[in-house]
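protein_0.pdb (PDB, C-alpha atoms)
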```pdb
ATOM      1  CA  GLY A  10      60.446 132.221  53.926
ATOM      2  CA  GLY A  11      57.106 130.952  55.316
ATOM      3  CA  GLY A  12      54.557 130.712  52.486
ATOM      4  CA  ALA A  13      57.017 130.244  49.612
ATOM      5  CA  ASP A  14      58.875 127.496  51.495
ATOM      6  CA  ALA A  15      55.596 125.745  52.334
ATOM      7  CA  ASP A  16      54.572 125.765  48.666
ATOM      8  CA  ALA A  17      57.980 124.412  47.624
ATOM      9  CA  ALA A  18      57.716 121.640  50.211
ATOM     10  CA  ALA A  19      54.253 120.713  48.973
ATOM     11  CA  VAL A  20      55.478 120.498  45.391
ATOM     12  CA  LYS A  21      58.438 118.326  46.421
ATOM     13  CA  ALA A  22      56.217 116.035  48.488
ATOM     14  CA  ALA A  23      53.729 115.599  45.645
ATOM     15  CA  ALA A  24      56.300 115.074  42.905
ATOM     16  CA  VAL A  25      57.418 111.604  43.992
ATOM     17  CA  PRO A  26      58.102 108.985  41.313
ATOM     18  CA  HIS A  27      55.019 107.280  39.881
ATOM     19  CA  THR A  28      54.541 103.653  40.815
ATOM     20  CA  PRO A  29      53.018 100.994  38.541
ATOM     21  CA  ILE A  30      49.276 100.437  38.891
ATOM     22  CA  ASP A  31      48.575  97.887  41.636
ATOM     23  CA  LEU A  32      45.795  95.859  39.994
ATOM     24  CA  ALA A  33      45.123  93.872  43.148
ATOM     25  CA  HIS A  34      44.482  97.099  45.043
ATOM     26  CA  GLU A  35      42.447  98.596  42.191
ATOM     27  CA  LEU A  36      40.083  95.596  42.181
ATOM     28  CA  SER A  37      39.811  95.315  45.965
ATOM     29  CA  ALA A  38      36.859  96.734  47.886
ATOM     30  CA  ARG A  39      39.106  99.447  49.298
ATOM     31  CA  GLY A  40      40.419 100.345  45.860
ATOM     32  CA  VAL A  41      36.914 100.621  44.383
ATOM     33  CA  ALA A  42      35.780 102.747  47.343
ATOM     34  CA  GLU A  43      38.761 105.066  46.833
ATOM     35  CA  ARG A  44      37.870 105.523  43.179
ATOM     36  CA  LEU A  45      34.257 106.325  44.000
ATOM     37  CA  THR A  46      35.476 109.453  45.773
ATOM     38  CA  PHE A  47      36.402 110.927  42.377
ATOM     39  CA  ALA A  48      32.677 111.038  41.624
ATOM     40  CA  VAL A  49      32.385 113.947  44.074
ATOM     41  CA  PRO A  50      34.485 116.535  42.166
ATOM     42  CA  ALA A  51      33.135 115.111  38.880
ATOM     43  CA  PHE A  52      29.578 115.908  39.983
ATOM     44  CA  VAL A  53      30.640 119.332  41.280
ATOM     45  CA  TYR A  54      32.162 120.201  37.885
ATOM     46  CA  PHE A  55      29.070 118.825  36.123
ATOM     47  CA  ALA A  56      26.761 121.019  38.215
ATOM     48  CA  LYS A  57      28.975 124.099  37.811
ATOM     49  CA  ASN A  58      29.232 123.747  34.026
ATOM     50  CA  ASN A  59      25.460 123.530  33.688
ATOM     51  CA  LEU A  60      24.940 126.514  35.968
ATOM     52  CA  VAL A  61      27.239 128.535  33.686
ATOM     53  CA  PHE A  62      24.618 128.324  30.910
ATOM     54  CA  LEU A  63      21.943 129.507  33.340
ATOM     55  CA  GLY A  64      24.158 132.372  34.456
ATOM     56  CA  LEU A  65      24.693 133.513  30.865
ATOM     57  CA  LYS A  66      20.919 133.591  30.377
ATOM     58  CA  LEU A  67      20.363 135.756  33.452
ATOM     59  CA  MET A  68      22.883 138.519  32.695
ATOM     60  CA  ASP A  69      25.040 140.136  30.038
ATOM     61  CA  PRO A  70      28.527 138.698  29.297
ATOM     62  CA  VAL A  71      30.364 141.604  30.967
ATOM     63  CA  SER A  72      28.498 141.145  34.250
ATOM     64  CA  PHE A  73      29.082 137.401  34.019
ATOM     65  CA  GLN A  74      32.834 137.910  33.572
ATOM     66  CA  LEU A  75      33.139 140.421  36.390
ATOM     67  CA  LEU A  76      31.184 138.342  38.904
ATOM     68  CA  GLY A  77      33.050 135.230  37.801
ATOM     69  CA  ASN A  78      36.119 136.586  39.580
ATOM     70  CA  MET A  79      34.457 135.710  42.894
ATOM     71  CA  LYS A  80      35.856 132.209  42.338
ATOM     72  CA  ILE A  81      39.293 133.522  43.334
ATOM     73  CA  LEU A  82      38.119 134.245  46.866
ATOM     74  CA  THR A  83      35.893 131.159  47.201
ATOM     75  CA  THR A  84      38.779 128.962  46.041
ATOM     76  CA  ALA A  85      41.099 130.542  48.617
ATOM     77  CA  LEU A  86      38.569 130.045  51.423
ATOM     78  CA  LEU A  87      37.884 126.413  50.499
ATOM     79  CA  PHE A  88      41.612 125.763  50.076
ATOM     80  CA  ARG A  89      42.183 127.038  53.613
ATOM     81  CA  VAL A  90      39.390 124.851  55.040
ATOM     82  CA  ILE A  91      39.762 121.605  53.046
ATOM     83  CA  MET A  92      43.530 121.484  52.570
ATOM     84  CA  ARG A  93      44.115 122.950  56.046
ATOM     85  CA  ARG A  94      46.878 125.172  54.726
ATOM     86  CA  PRO A  95      47.178 128.449  56.646
ATOM     87  CA  LEU A  96      47.484 131.604  54.576
ATOM     88  CA  THR A  97      49.359 134.667  55.785
ATOM     89  CA  ASP A  98      47.760 138.110  55.749
ATOM     90  CA  LEU A  99      49.989 139.063  52.822
ATOM     91  CA  LYS A 100      48.746 136.084  50.813
ATOM     92  CA  TRP A 101      45.116 137.050  51.496
ATOM     93  CA  ILE A 102      45.885 140.606  50.378
ATOM     94  CA  SER A 103      47.558 139.314  47.201
ATOM     95  CA  LEU A 104      44.526 137.139  46.376
ATOM     96  CA  LEU A 105      42.149 140.059  46.944
ATOM     97  CA  LEU A 106      44.286 142.241  44.676
ATOM     98  CA  LEU A 107      44.274 139.466  42.079
ATOM     99  CA  ALA A 108      40.466 139.397  42.037
ATOM    100  CA  VAL A 109      40.212 143.198  41.846
ATOM    101  CA  GLY A 110      42.929 143.542  39.210
ATOM    102  CA  LEU A 111      41.508 140.797  37.014
ATOM    103  CA  ALA A 112      38.027 142.305  37.232
ATOM    104  CA  TYR A 113      39.409 145.719  36.303
ATOM    105  CA  THR A 114      41.086 144.355  33.151
ATOM    106  CA  GLN A 115      37.629 143.222  31.997
ATOM    107  CA  LEU A 116      35.944 146.603  32.431
ATOM    108  CA  LYS A 117      34.843 148.523  29.369
ATOM    109  CA  ASP A 118      34.319 152.284  29.115
ATOM    110  CA  ASP A 119      30.531 151.861  29.006
ATOM    111  CA  ALA A 120      30.340 148.821  31.289
ATOM    112  CA  ARG A 121      27.429 148.725  33.721
ATOM    113  CA  LEU A 122      26.901 145.947  36.201
ATOM    114  CA  SER A 123      23.212 145.067  36.165
ATOM    115  CA  VAL A 124      22.325 141.755  37.774
ATOM    116  CA  ALA A 125      19.061 140.514  39.264
ATOM    117  CA  PRO A 126      19.184 138.883  42.724
ATOM    118  CA  SER A 127      18.614 135.472  41.116
ATOM    119  CA  GLY A 128      21.634 136.037  38.867
ATOM    120  CA  LEU A 129      23.785 136.999  41.851
ATOM    121  CA  VAL A 130      22.775 133.788  43.649
ATOM    122  CA  VAL A 131      23.645 131.716  40.579
ATOM    123  CA  MET A 132      27.049 133.389  40.235
ATOM    124  CA  LEU A 133      27.791 132.800  43.921
ATOM    125  CA  LEU A 134      26.917 129.116  43.415
ATOM    126  CA  ILE A 135      29.143 128.941  40.335
ATOM    127  CA  ALA A 136      32.045 130.545  42.216
ATOM    128  CA  THR A 137      31.589 128.184  45.170
ATOM    129  CA  LEU A 138      31.326 125.078  42.995
ATOM    130  CA  SER A 139      34.330 126.171  40.934
ATOM    131  CA  GLY A 140      36.445 126.441  44.069
ATOM    132  CA  LEU A 141      35.032 123.239  45.556
ATOM    133  CA  GLY A 142      35.694 121.253  42.374
ATOM    134  CA  GLY A 143      39.316 122.332  42.179
ATOM    135  CA  VAL A 144      40.149 121.996  45.870
ATOM    136  CA  SER A 145      38.385 118.622  46.278
ATOM    137  CA  THR A 146      40.263 117.303  43.240
ATOM    138  CA  GLU A 147      43.562 118.473  44.696
ATOM    139  CA  TYR A 148      42.670 116.894  48.032
ATOM    140  CA  LEU A 149      41.952 113.511  46.414
ATOM    141  CA  MET A 150      45.175 113.656  44.414
ATOM    142  CA  LYS A 151      47.201 114.212  47.595
ATOM    143  CA  ALA A 152      45.064 112.460  50.239
ATOM    144  CA  ASN A 153      47.735 109.911  51.176
ATOM    145  CA  PRO A 154      51.155 108.670  49.999
ATOM    146  CA  ARG A 155      49.536 106.222  47.574
ATOM    147  CA  ARG A 156      47.531 109.006  45.956
ATOM    148  CA  ARG A 157      50.534 111.315  45.767
ATOM    149  CA  SER A 158      52.584 108.638  44.002
ATOM    150  CA  GLU A 159      49.876 107.662  41.522
ATOM    151  CA  SER A 160      49.998 108.541  37.871
ATOM    152  CA  LEU A 161      48.266 111.837  37.115
ATOM    153  CA  HIS A 162      46.717 110.233  34.030
ATOM    154  CA  LEU A 163      45.171 107.428  36.069
ATOM    155  CA  GLN A 164      43.580 109.937  38.416
ATOM    156  CA  ASN A 165      42.347 112.003  35.473
ATOM    157  CA  ALA A 166      40.876 108.886  33.878
ATOM    158  CA  TRP A 167      38.735 108.189  36.952
ATOM    159  CA  LEU A 168      37.696 111.824  37.304
ATOM    160  CA  TYR A 169      36.589 112.085  33.673
ATOM    161  CA  PHE A 170      34.993 108.636  33.747
ATOM    162  CA  TYR A 171      32.524 109.853  36.352
ATOM    163  CA  GLY A 172      32.186 113.166  34.542
ATOM    164  CA  MET A 173      31.145 111.333  31.380
ATOM    165  CA  LEU A 174      28.619 109.251  33.343
ATOM    166  CA  PHE A 175      26.922 112.359  34.754
ATOM    167  CA  ASN A 176      26.813 114.035  31.347
ATOM    168  CA  LEU A 177      25.498 110.900  29.629
ATOM    169  CA  LEU A 178      22.757 110.721  32.239
ATOM    170  CA  ALA A 179      21.854 114.351  31.500
ATOM    171  CA  ILE A 180      21.740 113.598  27.759
ATOM    172  CA  VAL A 181      19.442 110.613  28.300
ATOM    173  CA  LEU A 182      17.098 112.623  30.520
ATOM    174  CA  ASP A 183      17.010 115.898  28.562
ATOM    175  CA  ASP A 184      18.226 115.436  24.977
ATOM    176  CA  TRP A 185      17.667 111.799  24.089
ATOM    177  CA  ASP A 186      14.998 112.493  21.449
ATOM    178  CA  SER A 187      17.290 114.976  19.715
ATOM    179  CA  VAL A 188      20.213 112.521  19.779
ATOM    180  CA  VAL A 189      18.033 109.756  18.281
ATOM    181  CA  ALA A 190      16.684 112.078  15.580
ATOM    182  CA  ASN A 191      19.915 113.848  14.588
ATOM    183  CA  GLY A 192      22.771 111.716  15.893
ATOM    184  CA  PHE A 193      25.174 112.267  18.770
ATOM    185  CA  PHE A 194      27.597 114.413  16.749
ATOM    186  CA  HIS A 195      24.975 116.635  15.113
ATOM    187  CA  GLY A 196      26.276 120.196  14.784
ATOM    188  CA  TYR A 197      29.939 119.232  15.169
ATOM    189  CA  SER A 198      32.470 120.888  12.850
ATOM    190  CA  ALA A 199      36.239 121.071  12.504
ATOM    191  CA  VAL A 200      36.208 124.074  14.840
ATOM    192  CA  THR A 201      34.299 122.030  17.434
ATOM    193  CA  VAL A 202      36.938 119.304  17.313
ATOM    194  CA  VAL A 203      39.766 121.850  17.692
ATOM    195  CA  VAL A 204      38.017 123.383  20.714
ATOM    196  CA  LEU A 205      37.558 119.917  22.258
ATOM    197  CA  PHE A 206      41.239 119.077  21.891
ATOM    198  CA  ASN A 207      42.264 122.508  23.180
ATOM    199  CA  ASN A 208      40.073 122.124  26.265
ATOM    200  CA  SER A 209      41.377 118.592  26.814
ATOM    201  CA  PHE A 210      45.006 119.695  26.832
ATOM    202  CA  SER A 211      44.078 122.685  28.984
ATOM    203  CA  GLY A 212      42.402 120.336  31.467
ATOM    204  CA  LEU A 213      45.525 118.159  31.612
ATOM    205  CA  ALA A 214      47.673 121.210  32.309
ATOM    206  CA  VAL A 215      45.337 122.413  35.072
ATOM    207  CA  SER A 216      45.264 118.986  36.733
ATOM    208  CA  ALA A 217      49.091 118.881  36.661
ATOM    209  CA  ILE A 218      49.191 122.248  38.451
ATOM    210  CA  MET A 219      46.789 120.954  41.120
ATOM    211  CA  LYS A 220      48.741 117.719  41.641
ATOM    212  CA  TYR A 221      52.261 119.156  41.688
ATOM    213  CA  SER A 222      51.468 122.600  43.106
ATOM    214  CA  ASN A 223      48.084 123.864  44.344
ATOM    215  CA  ASN A 224      44.855 125.654  43.452
ATOM    216  CA  LEU A 225      46.129 129.073  44.440
ATOM    217  CA  VAL A 226      48.963 128.794  41.930
ATOM    218  CA  LYS A 227      46.303 127.749  39.405
ATOM    219  CA  LEU A 228      44.469 131.049  40.021
ATOM    220  CA  PHE A 229      47.566 133.110  39.255
ATOM    221  CA  THR A 230      48.321 130.948  36.211
ATOM    222  CA  PHE A 231      44.793 131.557  34.908
ATOM    223  CA  ALA A 232      45.103 135.313  35.443
ATOM    224  CA  THR A 233      48.470 135.628  33.704
ATOM    225  CA  SER A 234      47.227 133.489  30.798
ATOM    226  CA  LEU A 235      44.369 135.952  30.250
ATOM    227  CA  LEU A 236      46.816 138.846  30.220
ATOM    228  CA  LEU A 237      49.071 136.976  27.786
ATOM    229  CA  THR A 238      46.123 136.198  25.500
ATOM    230  CA  THR A 239      45.123 139.852  25.419
ATOM    231  CA  SER A 240      48.716 140.916  24.686
ATOM    232  CA  LEU A 241      48.870 138.474  21.777
ATOM    233  CA  SER A 242      45.577 139.902  20.497
ATOM    234  CA  VAL A 243      47.246 143.316  20.386
ATOM    235  CA  LEU A 244      50.083 141.934  18.239
ATOM    236  CA  PHE A 245      48.083 139.771  15.845
ATOM    237  CA  PHE A 246      44.552 141.211  15.748
ATOM    238  CA  GLY A 247      45.052 144.924  16.373
ATOM    239  CA  TYR A 248      43.244 144.871  19.724
ATOM    240  CA  ARG A 249      43.519 148.219  21.517
ATOM    241  CA  LEU A 250      44.453 148.183  25.180
ATOM    242  CA  THR A 251      42.201 150.228  27.447
ATOM    243  CA  PRO A 252      43.452 152.221  30.460
ATOM    244  CA  GLN A 253      41.395 149.860  32.642
ATOM    245  CA  PHE A 254      43.240 146.834  31.254
ATOM    246  CA  VAL A 255      46.671 148.390  31.800
ATOM    247  CA  LEU A 256      45.870 149.416  35.379
ATOM    248  CA  GLY A 257      44.287 146.035  36.117
ATOM    249  CA  ALA A 258      47.317 144.216  34.692
ATOM    250  CA  VAL A 259      49.625 146.226  36.958
ATOM    251  CA  VAL A 260      47.496 145.253  39.986
ATOM    252  CA  VAL A 261      47.618 141.567  38.916
ATOM    253  CA  PHE A 262      51.422 141.629  38.667
ATOM    254  CA  VAL A 263      51.671 143.384  42.048
ATOM    255  CA  SER A 264      49.502 140.623  43.542
ATOM    256  CA  LEU A 265      51.743 138.002  41.928
ATOM    257  CA  TYR A 266      54.826 139.652  43.433
ATOM    258  CA  LEU A 267      53.249 139.850  46.887
ATOM    259  CA  TYR A 268      52.118 136.217  46.797
ATOM    260  CA  ASN A 269      55.618 135.002  45.938
ATOM    261  CA  ARG A 270      57.447 137.492  48.132
ATOM    262  CA  ARG A 271      59.874 135.833  50.492
ATOM    263  CA  GLY A 272      58.283 135.472  53.898
ATOM    264  CA  ALA A 273      54.718 135.833  52.551
TER     265      ALA A 273
END
```
Written as structure tokens, that's how I'd like the structure from this file.
Amino acid sequence: GGGADADAAAVKAAAVPHTPIDLAHELSARGVAERLTFAVPAFVYFAKNNLVFLGLKLMDPVSFQLLGNMKILTTALLFRVIMRRPLTDLKWISLLLLAVGLAYTQLKDDARLSVAPSGLVVMLLIATLSGLGGVSTEYLMKANPRRRSESLHLQNAWLYFYGMLFNLLAIVLDDWDSVVANGFFHGYSAVTVVVLFNNSFSGLAVSAIMKYSNNLVKLFTFATSLLLTTSLSVLFFGYRLTPQFVLGAVVVFVSLYLYNRRGA
């Protein structure tokens, strides 16, 4: 089967045994230049994360969630262009259904989409940067046999090293006076620490999906995790399922079936 076999081949090609770190290569001019490339997705993620705060200021949370699903289509387009992986018509249909179904699960009975043109531009930028960050990271992880055989943790270390540099620069430029006056960890609590660890482990899981599978699989994983979270909320917190959520969930599972259908 075309698409499914191609995905399986990509996973097998990426999942080669890790080799020890070649320190001579790491310290060579070529090695340093290779590592500098990780600054690109790090900056993209940095820009996207800061735009998220702007987006939340420009619209209500429901509109933000609904428009956020545009990242499914932007990721697919960038995956096709950057990774040069052709997608069948059935795969495009499944991705479109995924975006529609996921958006429908987030609809409320009284939901109204009201977004200014500036907010729409910001959300389009966020969706584009979200897709670009993920696909460029996947590309760097699989750019050549050396990259494919490298430790995932080494690649993550370089990615987050540059991410920390960009964020430290932002702190120095925008919040330095506050840090000096109140301390770097001002406002932190036990909940903050739990959230940090949760996001860290989540980031490791996402990077593993990108290295050993691809960004399109990551999209479906994200969607099913949201459905699972909502289902657990029904069991433990008495959350009531809406007709929109049930219908949207059905569409998501149909899209998942179509994407993985033999010959897709």
- [ ] Excluding A:Gln253 and any residue of its chain fewer than 5 positions from it, enumerate the residues within 7 Å of it, using only C-alpha atoms, and give them as a ChimeraX atom specification.
- [x] /A:113-114,116
Near stretch 67-89 of chain A, 12 Å: stretch 129-244 of chain A residue rows, closest pairs, only C-alpha atoms, as a tab-separated table:
```
residue	atom	partner	partner_atom	distance
A:Leu129	CA	A:Leu76	CA	8.1
A:Val130	CA	A:Leu67	CA	10.7
A:Val131	CA	A:Leu67	CA	8.8
A:Met132	CA	A:Leu76	CA	6.6
A:Leu133	CA	A:Met79	CA	7.3
A:Leu134	CA	A:Lys80	CA	9.5
A:Ile135	CA	A:Lys80	CA	7.7
A:Ala136	CA	A:Lys80	CA	4.2
A:Thr137	CA	A:Thr83	CA	5.6
A:Leu138	CA	A:Lys80	CA	8.5
A:Ser139	CA	A:Lys80	CA	6.4
A:Gly140	CA	A:Thr84	CA	4.0
A:Leu141	CA	A:Leu87	CA	6.5
A:Gly142	CA	A:Thr84	CA	9.1
A:Gly143	CA	A:Thr84	CA	7.7
A:Val144	CA	A:Phe88	CA	5.8
A:Ser145	CA	A:Phe88	CA	8.7
A:Thr146	CA	A:Phe88	CA	11.0
A:Glu147	CA	A:Phe88	CA	9.3
A:Tyr148	CA	A:Phe88	CA	9.2
A:Met219	CA	A:Phe88	CA	11.4
A:Asn223	CA	A:Phe88	CA	8.9
A:Asn224	CA	A:Phe88	CA	7.4
A:Leu225	CA	A:Ala85	CA	6.7
A:Val226	CA	A:Ala85	CA	10.5
A:Lys227	CA	A:Ile81	CA	9.9
A:Leu228	CA	A:Ile81	CA	6.6
A:Phe229	CA	A:Ile81	CA	9.2
A:Thr230	CA	A:Ile81	CA	11.8
A:Phe231	CA	A:Ile81	CA	10.3
A:Ala232	CA	A:Ile81	CA	10.0
```
Let me know the centre plus edge lengths, in Å and rounded to one decimal, of a box with edges along x, y and z that contains all listed atoms of stretch 103-115 of chain A and is padded by 8 Å on every side, as AutoDock Vina command-line options.
```
--center_x 42.6 --center_y 141.4 --center_z 39.6 --size_x 25.9 --size_y 24.6 --size_z 31.2
```
Task: Pick from A:Pro126, A:Gly212, A:Gly196, A:Gly272 nearest to A:Leu168, counting all atoms listed in the file - done: A:Gly212
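Within 12 Å of the file-frame point (27.0, 121.8, 36.6), and using all atoms listed in the file, the polymer residues found are Pro50, Ala51, Phe52, Val53, Tyr54, Phe55, Ala56, Lys57, Asn58, Asn59, Leu60, Val61, Phe62, Leu63, Gly64, Val131, Leu134, Ile135, Ala136, Thr137, Leu138, Ser139, Gly142, Gly172, Phe175, Asn176 and Ala179 of chain A.
Interatomic distance, atom CA of A:Lys220 against atom CA of A:Met150: 6.1 Å.
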TODO: Using atom CA of A:Pro252 and atom CA of A:Asp118 as the two end points, give the distance in Å to one decimal.
DONE: 9.2 Å
TODO: Could you jot down the atom CA of A:Trp185 to atom CA of A:Thr201 separation for me, Å, one decimal place?
DONE: 20.6 Å
- [ ] Would you translate the PyMOL selection byres ((chain A and resi 257) around 8) into the concrete set of residues it matches in this file, as a PyMOL selection string?
- [x] chain A and resi 109-114+253-256+258-261
Would you write out those residues with C-alpha atoms, as a compact mmCIF listing (two decimals), in the frame of the given file?
```
# COMPACT_ATOMS: atom_id res chain seq x y z
CA VAL A 109 40.21 143.20 41.85
CA GLY A 110 42.93 143.54 39.21
CA LEU A 111 41.51 140.80 37.01
CA ALA A 112 38.03 142.30 37.23
CA TYR A 113 39.41 145.72 36.30
CA THR A 114 41.09 144.35 33.15
CA GLN A 253 41.40 149.86 32.64
CA PHE A 254 43.24 146.83 31.25
CA VAL A 255 46.67 148.39 31.80
CA LEU A 256 45.87 149.42 35.38
CA ALA A 258 47.32 144.22 34.69
CA VAL A 259 49.62 146.23 36.96
CA VAL A 260 47.50 145.25 39.99
CA VAL A 261 47.62 141.57 38.92
```
Go ahead and find all residues with at least one atom no further than 9 Å from (44.5, 136.5, 48.9) in the file's coordinates, using all atoms listed in the file; report them as a PDB file with C-alpha atoms, in the frame of the given file.
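Contents of out.pdb, freshly written:
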```pdb
ATOM      1  CA  ILE A  81      39.293 133.522  43.334  1.00  0.00           C
ATOM      2  CA  LEU A  82      38.119 134.245  46.866  1.00  0.00           C
ATOM      3  CA  ALA A  85      41.099 130.542  48.617  1.00  0.00           C
ATOM      4  CA  LEU A  96      47.484 131.604  54.576  1.00  0.00           C
ATOM      5  CA  THR A  97      49.359 134.667  55.785  1.00  0.00           C
ATOM      6  CA  ASP A  98      47.760 138.110  55.749  1.00  0.00           C
ATOM      7  CA  LEU A  99      49.989 139.063  52.822  1.00  0.00           C
ATOM      8  CA  LYS A 100      48.746 136.084  50.813  1.00  0.00           C
ATOM      9  CA  TRP A 101      45.116 137.050  51.496  1.00  0.00           C
ATOM     10  CA  ILE A 102      45.885 140.606  50.378  1.00  0.00           C
ATOM     11  CA  SER A 103      47.558 139.314  47.201  1.00  0.00           C
ATOM     12  CA  LEU A 104      44.526 137.139  46.376  1.00  0.00           C
ATOM     13  CA  LEU A 105      42.149 140.059  46.944  1.00  0.00           C
ATOM     14  CA  LEU A 106      44.286 142.241  44.676  1.00  0.00           C
ATOM     15  CA  LEU A 107      44.274 139.466  42.079  1.00  0.00           C
ATOM     16  CA  ALA A 108      40.466 139.397  42.037  1.00  0.00           C
ATOM     17  CA  LEU A 225      46.129 129.073  44.440  1.00  0.00           C
ATOM     18  CA  SER A 264      49.502 140.623  43.542  1.00  0.00           C
ATOM     19  CA  TYR A 268      52.118 136.217  46.797  1.00  0.00           C
TER      20      TYR A 268
END
```
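Shortest separation to A:Gln115 among A:Leu163, A:Val204, A:Leu236, A:Val215 occurs at residue A:Leu236, atoms counted being all atoms listed in the file.
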Open item on the list: My list of candidates is A:Pro154, A:Ile180, A:Arg270, A:Leu250. Which is closest to A:Phe193 when distances are computed with only C-alpha atoms?
Closed with: A:Ile180
